[in-house]
Each structure stands twice: as C-alpha cells, then as structure tokens.
file final.cif (mmCIF, C-alpha atoms and all ligand atoms)
data_final
loop_
_atom_site.group_PDB
_atom_site.id
_atom_site.type_symbol
_atom_site.label_atom_id
_atom_site.label_comp_id
_atom_site.auth_asym_id
_atom_site.auth_seq_id
_atom_site.Cartn_x
_atom_site.Cartn_y
_atom_site.Cartn_z
ATOM 1 C CA MET Q 1 -5.145 15.534 -25.741
ATOM 2 C CA LYS Q 2 -8.428 13.854 -26.549
ATOM 3 C CA THR Q 3 -10.762 16.059 -24.524
ATOM 4 C CA PRO Q 4 -10.202 19.452 -22.976
ATOM 5 C CA GLU Q 5 -9.908 19.235 -19.213
ATOM 6 C CA HIS Q 6 -13.288 19.504 -17.526
ATOM 7 C CA THR Q 7 -14.728 19.381 -14.033
ATOM 8 C CA LEU Q 8 -16.424 16.180 -12.832
ATOM 9 C CA LEU Q 9 -17.208 17.430 -9.329
ATOM 10 C CA PRO Q 10 -16.087 20.535 -7.436
ATOM 11 C CA GLY Q 11 -12.301 20.238 -7.241
ATOM 12 C CA VAL Q 12 -12.174 17.095 -9.373
ATOM 13 C CA ALA Q 13 -10.774 17.680 -12.868
ATOM 14 C CA PHE Q 14 -10.814 15.085 -15.659
ATOM 15 C CA CYS Q 15 -8.651 14.828 -18.725
ATOM 16 C CA ALA Q 16 -8.750 12.045 -21.346
ATOM 17 C CA TRP Q 17 -5.747 11.295 -23.546
ATOM 18 C CA ASN Q 18 -5.496 9.439 -26.837
ATOM 19 C CA ASP Q 19 -2.789 7.138 -25.594
ATOM 20 C CA SER Q 20 -0.937 6.139 -22.483
ATOM 21 C CA GLU Q 21 2.418 7.539 -23.653
ATOM 22 C CA THR Q 22 1.107 11.085 -24.127
ATOM 23 C CA LEU Q 23 -0.728 10.901 -20.812
ATOM 24 C CA ALA Q 24 2.446 9.648 -19.127
ATOM 25 C CA ARG Q 25 4.501 12.537 -20.517
ATOM 26 C CA ASP Q 26 2.019 15.163 -19.325
ATOM 27 C CA LEU Q 27 1.563 13.658 -15.861
ATOM 28 C CA ALA Q 28 5.298 13.039 -15.404
ATOM 29 C CA GLY Q 29 5.971 16.711 -16.241
ATOM 30 C CA GLN Q 30 3.462 17.901 -13.653
ATOM 31 C CA VAL Q 31 4.716 15.503 -10.995
ATOM 32 C CA ALA Q 32 8.351 16.444 -11.637
ATOM 33 C CA ASP Q 33 7.496 20.168 -11.354
ATOM 34 C CA ARG Q 34 5.796 19.555 -8.012
ATOM 35 C CA LEU Q 35 8.720 17.480 -6.694
ATOM 36 C CA ARG Q 36 11.179 20.172 -7.835
ATOM 37 C CA GLN Q 37 9.217 22.874 -5.971
ATOM 38 C CA SER Q 38 9.273 20.842 -2.756
ATOM 39 C CA ILE Q 39 12.990 20.157 -3.092
ATOM 40 C CA GLU Q 40 13.633 23.863 -3.624
ATOM 41 C CA THR Q 41 11.500 24.977 -0.680
ATOM 42 C CA ARG Q 42 12.236 22.329 1.946
ATOM 43 C CA GLY Q 43 15.139 20.297 0.589
ATOM 44 C CA GLY Q 44 13.241 17.082 -0.146
ATOM 45 C CA ALA Q 45 10.083 15.596 -1.594
ATOM 46 C CA LEU Q 46 7.728 12.765 -0.661
ATOM 47 C CA MET Q 47 5.740 10.913 -3.308
ATOM 48 C CA VAL Q 48 3.241 8.059 -2.959
ATOM 49 C CA VAL Q 49 2.581 5.946 -6.042
ATOM 50 C CA SER Q 50 0.119 3.163 -6.721
ATOM 51 C CA GLY Q 51 1.041 -0.317 -7.828
ATOM 52 C CA GLY Q 52 -0.799 -2.392 -10.411
ATOM 53 C CA GLN Q 53 -0.063 -2.404 -14.135
ATOM 54 C CA THR Q 54 -1.504 0.994 -15.093
ATOM 55 C CA PRO Q 55 1.346 3.272 -13.962
ATOM 56 C CA VAL Q 56 4.177 1.447 -15.785
ATOM 57 C CA ASP Q 57 4.411 3.919 -18.720
ATOM 58 C CA PHE Q 58 4.178 6.837 -16.308
ATOM 59 C CA PHE Q 59 6.964 5.377 -14.135
ATOM 60 C CA ARG Q 60 9.288 4.957 -17.119
ATOM 61 C CA VAL Q 61 8.744 8.526 -18.314
ATOM 62 C CA LEU Q 62 9.022 9.955 -14.802
ATOM 63 C CA SER Q 63 12.327 8.143 -14.192
ATOM 64 C CA GLY Q 64 13.781 10.102 -17.138
ATOM 65 C CA GLN Q 65 12.957 13.500 -15.610
ATOM 66 C CA ALA Q 66 15.919 15.618 -14.553
ATOM 67 C CA LEU Q 67 15.583 15.863 -10.768
ATOM 68 C CA PRO Q 68 17.868 15.552 -7.743
ATOM 69 C CA TRP Q 69 16.364 12.114 -7.214
ATOM 70 C CA GLU Q 70 18.454 11.428 -4.111
ATOM 71 C CA LYS Q 71 16.196 13.956 -2.353
ATOM 72 C CA VAL Q 72 12.995 12.115 -3.287
ATOM 73 C CA THR Q 73 11.373 9.535 -1.010
ATOM 74 C CA ILE Q 74 8.889 7.157 -2.634
ATOM 75 C CA LEU Q 75 6.222 5.028 -0.979
ATOM 76 C CA PRO Q 76 3.871 2.453 -2.493
ATOM 77 C CA SER Q 77 0.229 3.286 -1.809
ATOM 78 C CA ASP Q 78 -0.311 -0.361 -0.881
ATOM 79 C CA GLU Q 79 1.239 -3.784 -0.942
ATOM 80 C CA ARG Q 80 0.360 -7.454 -1.171
ATOM 81 C CA TRP Q 81 1.479 -9.794 1.617
ATOM 82 C CA VAL Q 82 3.545 -12.005 -0.688
ATOM 83 C CA PRO Q 83 7.238 -12.979 -0.768
ATOM 84 C CA ALA Q 84 9.688 -10.201 -1.661
ATOM 85 C CA ASP Q 85 10.544 -11.778 -5.029
ATOM 86 C CA SER Q 86 6.905 -12.208 -6.095
ATOM 87 C CA ASP Q 87 5.783 -10.422 -9.268
ATOM 88 C CA GLN Q 88 2.741 -9.349 -7.256
ATOM 89 C CA ARG Q 89 4.837 -7.051 -5.066
ATOM 90 C CA ASN Q 90 4.028 -3.416 -5.881
ATOM 91 C CA SER Q 91 7.438 -2.320 -4.546
ATOM 92 C CA ARG Q 92 9.112 -4.681 -7.034
ATOM 93 C CA LEU Q 93 7.192 -3.107 -9.924
ATOM 94 C CA ILE Q 94 8.124 0.381 -8.702
ATOM 95 C CA ARG Q 95 11.806 -0.583 -8.398
ATOM 96 C CA ARG Q 96 11.876 -2.133 -11.872
ATOM 97 C CA ASN Q 97 10.118 0.716 -13.650
ATOM 98 C CA LEU Q 98 10.619 3.907 -11.660
ATOM 99 C CA LEU Q 99 13.870 3.463 -9.764
ATOM 100 C CA GLN Q 100 15.885 3.314 -12.968
ATOM 101 C CA GLY Q 101 18.629 5.578 -14.327
ATOM 102 C CA ALA Q 102 19.010 8.738 -12.258
ATOM 103 C CA ALA Q 103 15.829 7.896 -10.335
ATOM 104 C CA ALA Q 104 17.623 4.868 -8.864
ATOM 105 C CA SER Q 105 19.122 7.240 -6.298
ATOM 106 C CA SER Q 106 15.687 7.969 -4.793
ATOM 107 C CA ARG Q 107 14.703 6.203 -1.571
ATOM 108 C CA LEU Q 108 11.905 3.650 -1.779
ATOM 109 C CA ILE Q 109 10.379 2.671 1.550
ATOM 110 C CA ASP Q 110 8.866 -0.804 1.494
ATOM 111 C CA LEU Q 111 5.693 -1.498 3.450
ATOM 112 C CA VAL Q 112 6.837 -5.087 4.028
ATOM 113 C CA GLU Q 113 10.335 -6.067 5.150
ATOM 114 C CA THR Q 114 11.826 -9.535 4.777
ATOM 115 C CA ASP Q 115 11.957 -10.255 8.510
ATOM 116 C CA ASP Q 116 8.346 -9.235 9.182
ATOM 117 C CA GLN Q 117 6.517 -12.180 10.755
ATOM 118 C CA SER Q 118 2.932 -11.180 9.977
ATOM 119 C CA PRO Q 119 0.966 -8.558 8.020
ATOM 120 C CA GLU Q 120 0.098 -6.905 11.336
ATOM 121 C CA GLN Q 121 3.773 -6.625 12.227
ATOM 122 C CA SER Q 122 4.500 -5.181 8.761
ATOM 123 C CA ALA Q 123 1.762 -2.578 9.215
ATOM 124 C CA GLU Q 124 3.031 -1.596 12.646
ATOM 125 C CA ARG Q 125 6.671 -1.387 11.587
ATOM 126 C CA ALA Q 126 5.852 0.434 8.348
ATOM 127 C CA SER Q 127 3.705 2.942 10.280
ATOM 128 C CA ASP Q 128 6.773 3.614 12.467
ATOM 129 C CA ARG Q 129 8.964 4.122 9.377
ATOM 130 C CA LEU Q 130 6.435 6.533 7.891
ATOM 131 C CA TYR Q 131 5.958 8.581 11.062
ATOM 132 C CA PRO Q 132 9.064 10.816 10.709
ATOM 133 C CA LEU Q 133 8.415 11.621 7.033
ATOM 134 C CA HIS Q 134 7.203 15.034 5.915
ATOM 135 C CA TRP Q 135 3.385 14.835 5.709
ATOM 136 C CA PRO Q 136 1.244 15.454 3.815
ATOM 137 C CA ALA Q 137 3.049 13.948 0.840
ATOM 138 C CA ASP Q 138 3.903 16.329 -1.976
ATOM 139 C CA VAL Q 139 2.513 14.031 -4.657
ATOM 140 C CA VAL Q 140 0.084 11.102 -4.497
ATOM 141 C CA VAL Q 141 -0.619 9.134 -7.666
ATOM 142 C CA LEU Q 142 -3.476 6.713 -7.082
ATOM 143 C CA GLY Q 143 -4.884 3.943 -9.249
ATOM 144 C CA MET Q 144 -8.359 2.442 -9.261
ATOM 145 C CA GLY Q 145 -9.893 -0.957 -9.907
ATOM 146 C CA GLU Q 146 -13.179 -1.443 -11.748
ATOM 147 C CA ASP Q 147 -14.761 -2.186 -8.354
ATOM 148 C CA GLY Q 148 -13.863 1.334 -7.185
ATOM 149 C CA HIS Q 149 -11.020 0.286 -4.907
ATOM 150 C CA THR Q 150 -7.991 2.510 -4.662
ATOM 151 C CA ALA Q 151 -4.702 1.614 -2.971
ATOM 152 C CA SER Q 152 -5.894 -1.498 -1.029
ATOM 153 C CA LEU Q 153 -9.063 0.214 0.192
ATOM 154 C CA PHE Q 154 -11.469 -2.403 -1.163
ATOM 155 C CA PRO Q 155 -15.276 -2.154 -0.936
ATOM 156 C CA ASP Q 156 -15.480 -5.615 0.675
ATOM 157 C CA ALA Q 157 -12.621 -5.180 3.149
ATOM 158 C CA PRO Q 158 -13.940 -5.563 6.729
ATOM 159 C CA GLU Q 159 -11.280 -2.995 7.727
ATOM 160 C CA LEU Q 160 -12.482 -0.347 5.241
ATOM 161 C CA ALA Q 161 -14.277 1.965 7.694
ATOM 162 C CA PHE Q 162 -11.248 1.883 9.997
ATOM 163 C CA ALA Q 163 -8.809 2.580 7.139
ATOM 164 C CA LEU Q 164 -10.935 5.574 6.082
ATOM 165 C CA SER Q 165 -11.201 6.940 9.619
ATOM 166 C CA ALA Q 166 -9.175 9.777 11.077
ATOM 167 C CA ASP Q 167 -7.918 7.434 13.829
ATOM 168 C CA ALA Q 168 -6.304 4.918 11.500
ATOM 169 C CA PRO Q 169 -2.562 4.373 11.733
ATOM 170 C CA SER Q 170 -0.508 5.190 8.642
ATOM 171 C CA VAL Q 171 -0.566 1.597 7.398
ATOM 172 C CA VAL Q 172 -3.534 -0.763 7.781
ATOM 173 C CA VAL Q 173 -3.940 -4.474 7.010
ATOM 174 C CA THR Q 174 -6.925 -5.229 4.782
ATOM 175 C CA THR Q 175 -8.386 -8.671 4.103
ATOM 176 C CA PRO Q 176 -10.891 -8.285 1.247
ATOM 177 C CA PRO Q 177 -12.532 -11.648 0.467
ATOM 178 C CA SER Q 178 -12.447 -10.667 -3.223
ATOM 179 C CA GLN Q 179 -8.643 -10.765 -3.219
ATOM 180 C CA SER Q 180 -6.299 -13.739 -3.117
ATOM 181 C CA THR Q 181 -3.768 -12.090 -0.810
ATOM 182 C CA VAL Q 182 -3.833 -10.104 2.392
ATOM 183 C CA ARG Q 183 -3.058 -6.450 1.703
ATOM 184 C CA LEU Q 184 -1.376 -3.532 3.408
ATOM 185 C CA THR Q 185 -2.562 -0.070 2.533
ATOM 186 C CA LEU Q 186 -1.732 3.491 3.431
ATOM 187 C CA SER Q 187 -4.760 4.785 5.285
ATOM 188 C CA ALA Q 188 -6.952 7.487 3.766
ATOM 189 C CA ARG Q 189 -5.589 9.934 6.326
ATOM 190 C CA VAL Q 190 -2.006 9.704 5.051
ATOM 191 C CA LEU Q 191 -3.081 9.532 1.403
ATOM 192 C CA SER Q 192 -4.868 12.866 1.824
ATOM 193 C CA GLY Q 193 -3.825 16.472 1.469
ATOM 194 C CA ALA Q 194 -0.969 16.228 -1.048
ATOM 195 C CA ALA Q 195 -0.183 19.330 -3.085
ATOM 196 C CA LEU Q 196 -0.867 17.194 -6.170
ATOM 197 C CA THR Q 197 -3.155 14.155 -6.073
ATOM 198 C CA ALA Q 198 -3.744 12.349 -9.348
ATOM 199 C CA LEU Q 199 -5.906 9.357 -10.188
ATOM 200 C CA LEU Q 200 -4.371 7.500 -13.133
ATOM 201 C CA ILE Q 201 -6.699 5.086 -14.920
ATOM 202 C CA ARG Q 202 -6.822 3.265 -18.267
ATOM 203 C CA GLY Q 203 -9.410 1.378 -20.275
ATOM 204 C CA GLU Q 204 -13.146 1.517 -20.903
ATOM 205 C CA GLY Q 205 -14.004 -0.526 -17.816
ATOM 206 C CA LYS Q 206 -12.364 2.031 -15.551
ATOM 207 C CA ARG Q 207 -13.975 4.921 -17.389
ATOM 208 C CA VAL Q 208 -17.380 3.363 -16.742
ATOM 209 C CA ALA Q 209 -16.410 2.772 -13.109
ATOM 210 C CA LEU Q 210 -15.365 6.411 -12.808
ATOM 211 C CA GLU Q 211 -18.739 7.551 -14.162
ATOM 212 C CA GLU Q 212 -20.450 5.364 -11.583
ATOM 213 C CA ALA Q 213 -18.229 6.727 -8.811
ATOM 214 C CA VAL Q 214 -18.958 10.321 -9.783
ATOM 215 C CA SER Q 215 -22.705 9.684 -9.941
ATOM 216 C CA ALA Q 216 -23.019 9.151 -6.161
ATOM 217 C CA PRO Q 217 -19.910 10.769 -4.664
ATOM 218 C CA LEU Q 218 -21.103 10.705 -1.052
ATOM 219 C CA ALA Q 219 -21.669 6.941 -0.812
ATOM 220 C CA ILE Q 220 -18.000 6.154 -0.169
ATOM 221 C CA GLY Q 221 -18.236 2.525 1.069
ATOM 222 C CA PRO Q 222 -19.361 0.891 -2.209
ATOM 223 C CA MET Q 223 -16.561 2.684 -4.126
ATOM 224 C CA PRO Q 224 -13.763 3.772 -1.777
ATOM 225 C CA VAL Q 225 -12.104 5.904 -4.485
ATOM 226 C CA ARG Q 226 -14.903 8.398 -3.773
ATOM 227 C CA TYR Q 227 -13.129 9.344 -0.543
ATOM 228 C CA PHE Q 228 -10.615 11.258 -2.665
ATOM 229 C CA PHE Q 229 -13.325 13.283 -4.436
ATOM 230 C CA GLN Q 230 -13.524 15.366 -1.242
ATOM 231 C CA GLN Q 231 -10.215 17.082 -2.041
ATOM 232 C CA PRO Q 232 -8.570 18.547 -5.146
ATOM 233 C CA LEU Q 233 -7.977 15.672 -7.540
ATOM 234 C CA ARG Q 234 -6.803 15.384 -11.123
ATOM 235 C CA VAL Q 235 -8.199 12.319 -12.895
ATOM 236 C CA VAL Q 236 -6.300 11.307 -16.019
ATOM 237 C CA TRP Q 237 -7.473 8.562 -18.386
ATOM 238 C CA SER Q 238 -6.361 6.903 -21.581
ATOM 239 C CA PRO Q 239 -7.588 3.832 -23.483
HETATM 240 O O1 LIG E 301 -4.647 -3.972 -6.446
HETATM 241 C C1 LIG E 301 -4.300 -2.941 -6.948
HETATM 242 O O2 LIG E 301 -5.070 -2.403 -7.914
HETATM 243 C C2 LIG E 301 -5.028 -1.021 -8.268
HETATM 244 C C3 LIG E 301 -5.301 -0.975 -9.761
HETATM 245 O O3 LIG E 301 -4.366 -1.830 -10.420
HETATM 246 P P1 LIG E 301 -4.272 -1.949 -12.018
HETATM 247 O O4 LIG E 301 -3.372 -3.136 -12.276
HETATM 248 O O5 LIG E 301 -5.657 -2.164 -12.532
HETATM 249 O O6 LIG E 301 -3.673 -0.678 -12.499
HETATM 250 C C4 LIG E 301 -3.714 -0.358 -7.891
HETATM 251 O O7 LIG E 301 -3.844 1.039 -7.983
HETATM 252 C C5 LIG E 301 -3.249 -0.796 -6.510
HETATM 253 O O8 LIG E 301 -2.061 -0.139 -6.149
HETATM 254 C C6 LIG E 301 -3.039 -2.273 -6.574
HETATM 255 O O9 LIG E 301 -2.441 -2.806 -5.425
#
call {"tool": "encode", "arguments": {"input": "final.cif", "output": "structure tokens", "more": "lines below"}}
Ligand SMILES: O=C1O[C@H](COP(=O)(O)O)[C@@H](O)[C@H](O)[C@H]1O
result
Amino acid sequence: MKTPEHTLLPGVAFCAWNDSETLARDLAGQVADRLRQSIETRGGALMVVSGGQTPVDFFRVLSGQALPWEKVTILPSDERWVPADSDQRNSRLIRRNLLQGAAASSRLIDLVETDDQSPEQSAERASDRLYPLHWPADVVVLGMGEDGHTASLFPDAPELAFALSADAPSVVVTTPPSQSTVRLTLSARVLSGAALTALLIRGEGKRVALEEAVSAPLAIGPMPVRYFFQQPLRVVWSP
C-alpha cells in the first residue's frame, strides 16, 4: 500500500496503491468476500462493473477467485451503441477478461442485444431484463473519466439530469456531444445502494480529477461522479 486509507469526505474512503496488480488483488479479495456473503445469505449475487481499460487487471485477478460463479450475475455499468464484435463494447471486454476460467459460468447480462433496432429499444428491453434482478446490487465497481463522468453519465449529456433522477428507468440512453458513440447507462438510481461500491481509477490525470471532484462535492452536474459521494464509497487508485 502506498498510503494508509484516509477519508476524503464523510463515507468516502481513499486508498492509493503502488501498482495496479497489488490494487487489483486487494479489491478482488474484498469483492469476492462480498459476493460470497450474498451467495451464502440469499443464494446469489449481483455485481455491476464498469467498462473502459482501467479494470482489466482487476477483472483478471477477480476471475481467479474461488467462488460459485454460476450464482453470480454481472452487468456492465454502461455500454456503447456499437456492433457486438466492436472492441468498444464494454460487455466484450468483460467477457474477455472477467468471464474466464471458473468465472465463465457467471451470467453476464448485455445492455444491447443483437436484434435491438435502436438505442432506445435497447434501453427499454435492458430495463425489462434488469427489473427482476435482486436490487440493490451487492457490488458496484465504477470507473471515472478525467472529465468526471462515471458509467455513461457524462457532464455534457443532455439526458444527465434525467439519468440522475429518482424517476429514471434502469437503463437510459445518453448522447454526450463529447463522445463518438451513443451510450447506454445504468441510471444513478440502480447504481446506488450496493453493499460495496468502489471507484477504481488509475493515473495522475484521474487523481487530479478526483481532487477536483472532492473539492465541490455538491455540484454534481459538472462532474457526475460526485453523485456517488453521497453514499459509502471506497475510492482506490494506482499509477
Ligand atoms: O467511457 C467509459 O469510461 C469510463 C472510464 O474508462 P477508462 O478507459 O478511462 O478506464 C468507464 O468507467 C466507463 O465504463 C466507460 O464506458
């Protein structure tokens, strides 16, 4: 560990690691413990994980954890509206890095299905698939961009206020002008309240962005990640 864990804001803990591998081992251990507890108490576990490049080491370590993976349901926090075989698909990254070995027996629910005709149809159908799941999720592992977006809750998305509202469906289409593709995102409502919520970030740029986010935690719009500072959150960082 590089720094002892300390509190950034009430309920928001921060821990910096020397390297991504050590961070991944620690976080994977905590996540696996939480999933195990849920499986023991209610027979299954629900985990939401971010896409992007940051969680790859974490996914590989987590996939090696001894768990009854067939009882674990996994959801991407968000998705890009791109063809199923595109490298930009978060679900593809999760399949390739997390659903490996024993973890291949877990169930991954895609936000986009091949016969969906539009992002809006994907969001509606995915919301229906998510409805019968056991909410809140047991574990949510979020990522963050240097602009303060998390999942596909982008500062410039016209749909941001709706996606953050209590009335939002489980899955919302977002169209941030800053991005090259239309996005689908779990709404803040369904990303909230997990027994363990972690924010996994790497690199100096994201550390600076985190400092900025923490400096004005109530102004959510300019940095949507701030929404998750209102609940217990464990922020983990490595270079
Ligand atoms: O667009 C996205 O960005 C964030 C961060 O991605 P990273 O590649 O910088 O780790 C990610 O958490 C989100 O799921 C993804 O769709």
call {"tool": "residues_near_point", "arguments": {"input": "final.cif", "point": "(-19.5, 4.4, -11.3)", "cutoff": "12 Å", "atoms": "all atoms listed in the file", "output": "list in words"}}
result
Met144, Gly145, Glu146, Asp147, Gly148, His149, Glu204, Gly205, Lys206, Arg207, Val208, Ala209, Leu210, Glu211, Glu212, Ala213, Val214, Ser215, Ala216, Pro217, Ala219, Ile220, Pro222, Met223, Pro224, Val225 and Arg226 of chain Q
call {"tool": "resolve_selection", "arguments": {"input": "final.cif", "expression": "the PyMOL selection byres (((chain Q and resi 160) around 10) and not hetatm)", "output": "ChimeraX atom specification"}}
result
/Q:152-159,161-165,172-176,187-188,221,224
call {"tool": "closest_residue", "arguments": {"input": "final.cif", "among": "Q:Ser105, Q:Gln230, Q:Thr150, Q:Asn90", "to": "Leu218 of chain Q", "atoms": "all atoms listed in the file"}}
result
Q:Gln230
call {"tool": "resolve_selection", "arguments": {"input": "final.cif", "expression": "the PyMOL selection byres (((chain Q and resi 119) around 10) and not hetatm)", "output": "list in words"}}
result
Arg80, Trp81, Val82, Leu111, Val112, Asp116, Gln117, Ser118, Glu120, Gln121, Ser122, Ala123, Glu124, Arg125, Val172, Val173, Thr174, Val182, Arg183 and Leu184 of chain Q
call {"tool": "resolve_selection", "arguments": {"input": "final.cif", "expression": "the PyMOL selection byres (((chain Q and resi 60) around 9) and not hetatm)", "output": "PDB file with C-alpha atoms, in the coordinates of the input"}}
result
ATOM      1  CA  ALA Q  24       2.446   9.648 -19.127  1.00  0.00           C
ATOM      2  CA  PRO Q  55       1.346   3.272 -13.962  1.00  0.00           C
ATOM      3  CA  VAL Q  56       4.177   1.447 -15.785  1.00  0.00           C
ATOM      4  CA  ASP Q  57       4.411   3.919 -18.720  1.00  0.00           C
ATOM      5  CA  PHE Q  58       4.178   6.837 -16.308  1.00  0.00           C
ATOM      6  CA  PHE Q  59       6.964   5.377 -14.135  1.00  0.00           C
ATOM      7  CA  VAL Q  61       8.744   8.526 -18.314  1.00  0.00           C
ATOM      8  CA  LEU Q  62       9.022   9.955 -14.802  1.00  0.00           C
ATOM      9  CA  SER Q  63      12.327   8.143 -14.192  1.00  0.00           C
ATOM     10  CA  GLY Q  64      13.781  10.102 -17.138  1.00  0.00           C
ATOM     11  CA  ASN Q  97      10.118   0.716 -13.650  1.00  0.00           C
ATOM     12  CA  LEU Q  98      10.619   3.907 -11.660  1.00  0.00           C
ATOM     13  CA  LEU Q  99      13.870   3.463  -9.764  1.00  0.00           C
ATOM     14  CA  GLN Q 100      15.885   3.314 -12.968  1.00  0.00           C
TER      15      GLN Q 100
END
call {"tool": "residues_near_point", "arguments": {"input": "final.cif", "point": "(6.2, 5.5, -1.0)", "cutoff": "12 Å", "atoms": "only C-alpha atoms", "output": "PyMOL selection string"}}
result
chain Q and resi 45-51+72-79+90-91+94-95+98-99+106-112+126-127+129-130+133-135+137-142+151+170-171+185-186+190-191
call {"tool": "closest_residue", "arguments": {"input": "final.cif", "among": "Q:Asp87, Q:Glu70, Q:Glu5, Q:Asp26", "to": "ligand LIG 301 (chain E)", "atoms": "all atoms listed in the file"}}
result
Q:Asp87
call {"tool": "closest_residue", "arguments": {"input": "final.cif", "among": "Q:Leu196, Q:Val12, Q:Leu67, Q:Val235", "to": "Ile39 of chain Q", "atoms": "all atoms listed in the file"}}
result
Q:Leu67
call {"tool": "closest_residue", "arguments": {"input": "final.cif", "among": "Q:Ala104, Q:Leu233, Q:Leu27, Q:Leu93", "to": "ligand LIG 301 (chain E)", "atoms": "only C-alpha atoms and all ligand atoms"}}
result
Q:Leu93
call {"tool": "closest_residue", "arguments": {"input": "final.cif", "among": "Q:Arg234, Q:Gly44, Q:Gly203, Q:Gln179", "to": "Asn18 of chain Q", "atoms": "only C-alpha atoms"}}
result
Q:Gly203
call {"tool": "closest_residue", "arguments": {"input": "final.cif", "among": "Q:Gly143, Q:Ser38, Q:Phe228, Q:Pro83", "to": "ligand LIG 301 (chain E)", "atoms": "all atoms listed in the file"}}
result
Q:Gly143
call {"tool": "axis_aligned_box", "arguments": {"input": "final.cif", "around": "segment 111-126 of chain Q", "padding_each_side": "6 Å", "output": "AutoDock Vina command-line options"}}
result
--center_x 6.0 --center_y -5.9 --center_z 8.0 --size_x 23.9 --size_y 24.6 --size_z 21.2
call {"tool": "atom_distance", "arguments": {"input": "final.cif", "atom1": "atom CA of Gly101 of chain Q", "atom2": "atom CA of Ala28 of chain Q"}}
result
15.3 Å
call {"tool": "atom_distance", "arguments": {"input": "final.cif", "atom1": "atom CA of Tyr227 of chain Q", "atom2": "atom CA of Gly29 of chain Q"}}
result
25.8 Å
call {"tool": "atom_distance", "arguments": {"input": "final.cif", "atom1": "atom CA of Gly11 of chain Q", "atom2": "atom CA of Asp33 of chain Q"}}
result
20.2 Å
